[in-house]
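Q: Data: target_6.pdb, PDB, C-alpha atoms.
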```
ATOM      1  CA  MET A  25      88.098  81.843 123.072
ATOM      2  CA  LYS A  26      85.263  82.894 125.414
ATOM      3  CA  LEU A  27      83.529  86.207 124.773
ATOM      4  CA  VAL A  28      80.659  87.972 126.496
ATOM      5  CA  ALA A  29      77.976  89.950 124.671
ATOM      6  CA  HIS A  30      75.935  92.170 126.970
ATOM      7  CA  ASN A  31      73.199  92.803 124.396
ATOM      8  CA  PRO A  32      72.152  91.838 120.844
ATOM      9  CA  HIS A  33      74.282  94.654 119.378
ATOM     10  CA  GLU A  34      77.423  93.178 120.953
ATOM     11  CA  THR A  35      76.436  89.736 119.643
ATOM     12  CA  SER A  36      76.243  91.331 116.187
ATOM     13  CA  VAL A  37      79.693  92.898 116.586
ATOM     14  CA  ILE A  38      81.172  89.507 117.508
ATOM     15  CA  ALA A  39      79.427  87.895 114.524
ATOM     16  CA  ALA A  40      80.768  90.585 112.172
ATOM     17  CA  ASP A  41      84.292  89.967 113.451
ATOM     18  CA  MET A  42      83.823  86.234 112.853
ATOM     19  CA  ALA A  43      82.614  86.957 109.313
ATOM     20  CA  THR A  44      85.853  88.822 108.645
ATOM     21  CA  GLN A  45      87.838  85.890 110.044
ATOM     22  CA  ALA A  46      85.799  83.461 107.954
ATOM     23  CA  MET A  47      86.516  85.327 104.725
ATOM     24  CA  ALA A  48      90.227  85.338 105.540
ATOM     25  CA  SER A  49      90.093  81.607 106.333
ATOM     26  CA  VAL A  50      88.250  80.416 103.217
ATOM     27  CA  PRO A  51      91.508  79.926 101.243
ATOM     28  CA  PHE A  52      92.764  77.494 103.921
ATOM     29  CA  SER A  53      89.673  75.307 103.819
ATOM     30  CA  PRO A  54      89.814  72.331 101.433
ATOM     31  CA  GLN A  55      86.003  72.259 101.435
ATOM     32  CA  ALA A  56      83.171  74.476 102.650
ATOM     33  CA  LEU A  57      83.888  76.487 105.781
ATOM     34  CA  VAL A  58      81.273  75.139 108.210
ATOM     35  CA  ILE A  59      80.292  77.077 111.315
ATOM     36  CA  ALA A  60      78.105  75.284 113.860
ATOM     37  CA  LEU A  61      75.959  77.606 116.001
ATOM     38  CA  ILE A  62      75.211  75.687 119.180
ATOM     39  CA  GLY A  63      72.948  76.889 121.982
ATOM     40  CA  ASP A  64      69.578  76.695 123.641
ATOM     41  CA  LEU A  65      66.437  78.309 122.285
ATOM     42  CA  GLY A  66      66.828  82.095 122.442
ATOM     43  CA  ALA A  67      70.613  81.994 122.889
ATOM     44  CA  GLY A  68      71.139  84.348 119.950
ATOM     45  CA  LYS A  69      71.954  81.980 117.088
ATOM     46  CA  THR A  70      69.708  83.688 114.538
ATOM     47  CA  THR A  71      70.844  87.164 115.643
ATOM     48  CA  PHE A  72      74.418  85.954 115.177
ATOM     49  CA  ALA A  73      73.657  84.470 111.727
ATOM     50  CA  GLN A  74      71.921  87.655 110.530
ATOM     51  CA  ALA A  75      74.811  89.877 111.633
ATOM     52  CA  PHE A  76      77.329  87.473 110.093
ATOM     53  CA  ALA A  77      75.533  87.694 106.740
ATOM     54  CA  ARG A  78      75.269  91.504 106.892
ATOM     55  CA  ALA A  79      78.998  91.726 107.552
ATOM     56  CA  LEU A  80      79.612  89.655 104.413
ATOM     57  CA  GLY A  81      77.568  92.158 102.401
ATOM     58  CA  VAL A  82      74.460  90.000 101.998
ATOM     59  CA  SER A  83      71.638  92.492 101.451
ATOM     60  CA  GLU A  84      68.777  90.089 102.169
ATOM     61  CA  THR A  85      67.758  89.589 105.782
ATOM     62  CA  LEU A  86      68.374  86.006 106.821
ATOM     63  CA  LYS A  87      65.226  84.324 107.999
ATOM     64  CA  SER A  88      65.485  81.198 110.071
ATOM     65  CA  PRO A  89      64.962  78.307 107.650
ATOM     66  CA  THR A  90      63.227  76.143 110.251
ATOM     67  CA  PHE A  91      60.686  74.714 107.793
ATOM     68  CA  THR A  92      62.652  74.902 104.532
ATOM     69  CA  LEU A  93      65.841  73.750 106.329
ATOM     70  CA  MET A  94      68.262  75.665 104.098
ATOM     71  CA  HIS A  95      68.663  78.976 102.243
ATOM     72  CA  SER A  96      71.564  80.232 100.139
ATOM     73  CA  TYR A  97      72.793  83.797  99.634
ATOM     74  CA  GLY A  98      75.440  85.045  97.218
ATOM     75  CA  ILE A  99      78.257  86.977  98.893
ATOM     76  CA  PRO A 100      78.672  90.084  96.693
ATOM     77  CA  GLY A 101      81.894  90.440  94.737
ATOM     78  CA  THR A 102      83.378  87.113  95.855
ATOM     79  CA  GLY A 103      81.913  84.171  93.942
ATOM     80  CA  LEU A 104      81.216  82.627  97.354
ATOM     81  CA  VAL A 105      77.864  81.450  98.694
ATOM     82  CA  LEU A 106      76.607  81.655 102.272
ATOM     83  CA  TRP A 107      74.346  78.751 103.210
ATOM     84  CA  HIS A 108      72.144  79.022 106.302
ATOM     85  CA  LEU A 109      70.728  75.798 107.726
ATOM     86  CA  ASP A 110      68.417  75.192 110.651
ATOM     87  CA  CYS A 111      68.376  71.569 111.800
ATOM     88  CA  TYR A 112      65.986  72.089 114.738
ATOM     89  CA  ARG A 113      63.222  69.903 113.287
ATOM     90  CA  LEU A 114      65.486  67.055 112.160
ATOM     91  CA  GLU A 115      65.577  63.673 113.823
ATOM     92  CA  SER A 116      68.861  62.626 112.207
ATOM     93  CA  HIS A 117      71.345  63.672 109.527
ATOM     94  CA  LYS A 118      69.487  61.332 107.142
ATOM     95  CA  ASP A 119      66.692  63.923 106.984
ATOM     96  CA  LEU A 120      69.130  66.135 105.050
ATOM     97  CA  ALA A 121      69.727  63.584 102.270
ATOM     98  CA  ALA A 122      67.228  65.183  99.883
ATOM     99  CA  LEU A 123      69.073  68.518 100.158
ATOM    100  CA  ASP A 124      72.388  67.061  98.931
ATOM    101  CA  LEU A 125      74.134  68.778 101.810
ATOM    102  CA  ALA A 126      77.211  66.630 101.236
ATOM    103  CA  SER A 127      77.930  68.433  97.956
ATOM    104  CA  VAL A 128      77.333  71.820  99.617
ATOM    105  CA  MET A 129      79.875  70.908 102.299
ATOM    106  CA  ARG A 130      82.452  69.724  99.745
ATOM    107  CA  ASP A 131      82.415  72.984  97.774
ATOM    108  CA  ARG A 132      85.184  75.285  99.000
ATOM    109  CA  ASN A 133      83.250  78.273  97.626
ATOM    110  CA  ASN A 134      80.671  77.867 100.386
ATOM    111  CA  ILE A 135      80.422  79.162 103.925
ATOM    112  CA  VAL A 136      77.817  77.166 105.838
ATOM    113  CA  LEU A 137      76.171  78.447 109.036
ATOM    114  CA  VAL A 138      74.225  75.740 110.840
ATOM    115  CA  GLU A 139      71.794  76.407 113.688
ATOM    116  CA  TRP A 140      70.921  73.387 115.850
ATOM    117  CA  PRO A 141      73.740  71.329 114.261
ATOM    118  CA  GLU A 142      73.668  68.432 116.725
ATOM    119  CA  THR A 143      71.794  66.034 114.423
ATOM    120  CA  ALA A 144      74.040  66.818 111.449
ATOM    121  CA  LEU A 145      77.492  66.778 113.089
ATOM    122  CA  THR A 146      78.346  63.363 111.633
ATOM    123  CA  ILE A 147      78.319  64.793 108.102
ATOM    124  CA  PHE A 148      80.318  67.939 108.924
ATOM    125  CA  PRO A 149      83.923  68.246 107.801
ATOM    126  CA  LYS A 150      86.319  67.114 110.522
ATOM    127  CA  GLU A 151      87.583  70.664 110.862
ATOM    128  CA  HIS A 152      84.700  73.039 111.399
ATOM    129  CA  VAL A 153      84.179  76.084 113.585
ATOM    130  CA  ALA A 154      82.022  75.638 116.693
ATOM    131  CA  VAL A 155      80.291  78.634 118.263
ATOM    132  CA  HIS A 156      78.686  77.789 121.620
ATOM    133  CA  MET A 157      76.177  80.374 122.836
ATOM    134  CA  THR A 158      74.786  80.432 126.371
ATOM    135  CA  HIS A 159      72.325  82.559 128.336
ATOM    136  CA  GLU A 160      74.143  84.525 131.024
ATOM    137  CA  GLY A 161      71.088  86.398 132.361
ATOM    138  CA  GLY A 162      68.993  89.117 130.709
ATOM    139  CA  ASP A 163      70.375  89.997 127.269
ATOM    140  CA  LYS A 164      73.870  88.840 128.237
ATOM    141  CA  ARG A 165      75.288  85.905 126.244
ATOM    142  CA  GLY A 166      78.419  83.825 126.583
ATOM    143  CA  ILE A 167      79.964  83.036 123.205
ATOM    144  CA  THR A 168      82.742  80.455 123.034
ATOM    145  CA  VAL A 169      84.458  80.036 119.677
ATOM    146  CA  LYS A 170      86.522  76.979 118.775
ATOM    147  CA  TRP A 171      88.393  77.647 115.555
ATOM    148  CA  PRO A 172      90.438  74.649 114.315
ATOM    149  CA  ALA A 173      94.112  75.446 113.747
ATOM    150  CA  GLY A 174      93.959  74.179 110.168
ATOM    151  CA  LEU A 175      91.339  76.770 109.241
ATOM    152  CA  ARG A 176      92.864  79.812 110.907
ATOM    153  CA  HIS A 177      93.902  82.568 108.554
ATOM    154  CA  ASP A 178      96.642  83.754 110.905
ATOM    155  CA  ARG A 179      98.605  80.497 110.914
ATOM    156  CA  GLN A 180     102.098  80.308 109.464
ATOM    157  CA  ALA A 181     102.155  78.918 105.923
TER
END
```
Please express what this file holds, its structure, as structure tokens.

A:
Amino acid sequence: MKLVAHNPHETSVIAADMATQAMASVPFSPQALVIALIGDLGAGKTTFAQAFARALGVSETLKSPTFTLMHSYGIPGTGLVLWHLDCYRLESHKDLAALDLASVMRDRNNIVLVEWPETALTIFPKEHVAVHMTHEGGDKRGITVKWPAGLRHDRQA
């Protein structure tokens, strides 16, 4: 599905809608629900991640974990945890070994947002959500969402 956000507010609205979809999809995921945020520098990945977290009820403002690589935030009233990763500085997925990301990705009580996921894709679950963000001029952004059928909350049981 291709969407267009004309400004950061519209990017936030799209992210909030995705957060709602993510919460509805968690029961269908056999492991963590992983969402890869893919796009060039300044494409809106952090804006998207912050709005996504707010929509889940996370009261803390997400800060890009460029140097710490990963932060976790409890999702109020759910027992779920939102993990926010930034893989920009990584050379390969092996740089994540010390973080035990594999166990984070196995835990079905986790939602994992990953900025700059390209170096870590080999350790992602086969079925993960991909959000491609592109500059379309000015504040306008193209947002293409690929939601695997096995993780969709609206599928027939």

Q: Here is a test: counting only C-alpha atoms, which residue of A:Gly162, A:Gly81, A:Gly66, A:Pro149 is nearest to Val136 (chain A)?

A: A:Pro149

Q: In Å to one decimal, how far is CA of Leu145 (chain A) from CA of Ala60 (chain A)?

A: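 The value is 8.6 Å.
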
Q: If I take CA of Lys164 (chain A) and CA of Val58 (chain A), how far is one from the other in Å, to one decimal?

A: 25.4 Å

Q: Give me, please, the distance in Å between CA of Ser36 (chain A) and CA of Phe76 (chain A), quoted to one decimal.

A: 7.3 Å

Q: With all atoms listed in the file as the basis for distance, which of A:Asp64, A:Val28, A:Leu104, A:Lys87 is at the shortest distance from Met47 (chain A)?

A: A:Leu104

Q: Can you give me, as a list in words, the residues this file yields under the PyMOL selection byres ((chain A and resi 170) around 6)?

A: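 Expected selection for the PyMOL selection byres ((chain A and resi 170) around 6) here is Val153, Ala154, Val169 and Trp171 of chain A.
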
Q: Check which residues satisfy the PyMOL selection byres ((chain A and resi 124-131) around 10) in the file shown, then give them as a JSON list (two decimals) with C-alpha atoms, in the frame of the given file.

A:
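As a result, part_26.json now contains:
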```
[["chain", "number", "residue", "atom", "x", "y", "z"],
["A", 53, "SER", "CA", 89.67, 75.31, 103.82],
["A", 54, "PRO", "CA", 89.81, 72.33, 101.43],
["A", 55, "GLN", "CA", 86.00, 72.26, 101.44],
["A", 56, "ALA", "CA", 83.17, 74.48, 102.65],
["A", 57, "LEU", "CA", 83.89, 76.49, 105.78],
["A", 58, "VAL", "CA", 81.27, 75.14, 108.21],
["A", 94, "MET", "CA", 68.26, 75.67, 104.10],
["A", 104, "LEU", "CA", 81.22, 82.63, 97.35],
["A", 105, "VAL", "CA", 77.86, 81.45, 98.69],
["A", 107, "TRP", "CA", 74.35, 78.75, 103.21],
["A", 109, "LEU", "CA", 70.73, 75.80, 107.73],
["A", 117, "HIS", "CA", 71.34, 63.67, 109.53],
["A", 120, "LEU", "CA", 69.13, 66.14, 105.05],
["A", 121, "ALA", "CA", 69.73, 63.58, 102.27],
["A", 122, "ALA", "CA", 67.23, 65.18, 99.88],
["A", 123, "LEU", "CA", 69.07, 68.52, 100.16],
["A", 132, "ARG", "CA", 85.18, 75.28, 99.00],
["A", 133, "ASN", "CA", 83.25, 78.27, 97.63],
["A", 134, "ASN", "CA", 80.67, 77.87, 100.39],
["A", 135, "ILE", "CA", 80.42, 79.16, 103.92],
["A", 136, "VAL", "CA", 77.82, 77.17, 105.84],
["A", 144, "ALA", "CA", 74.04, 66.82, 111.45],
["A", 147, "ILE", "CA", 78.32, 64.79, 108.10],
["A", 148, "PHE", "CA", 80.32, 67.94, 108.92],
["A", 149, "PRO", "CA", 83.92, 68.25, 107.80]]
```
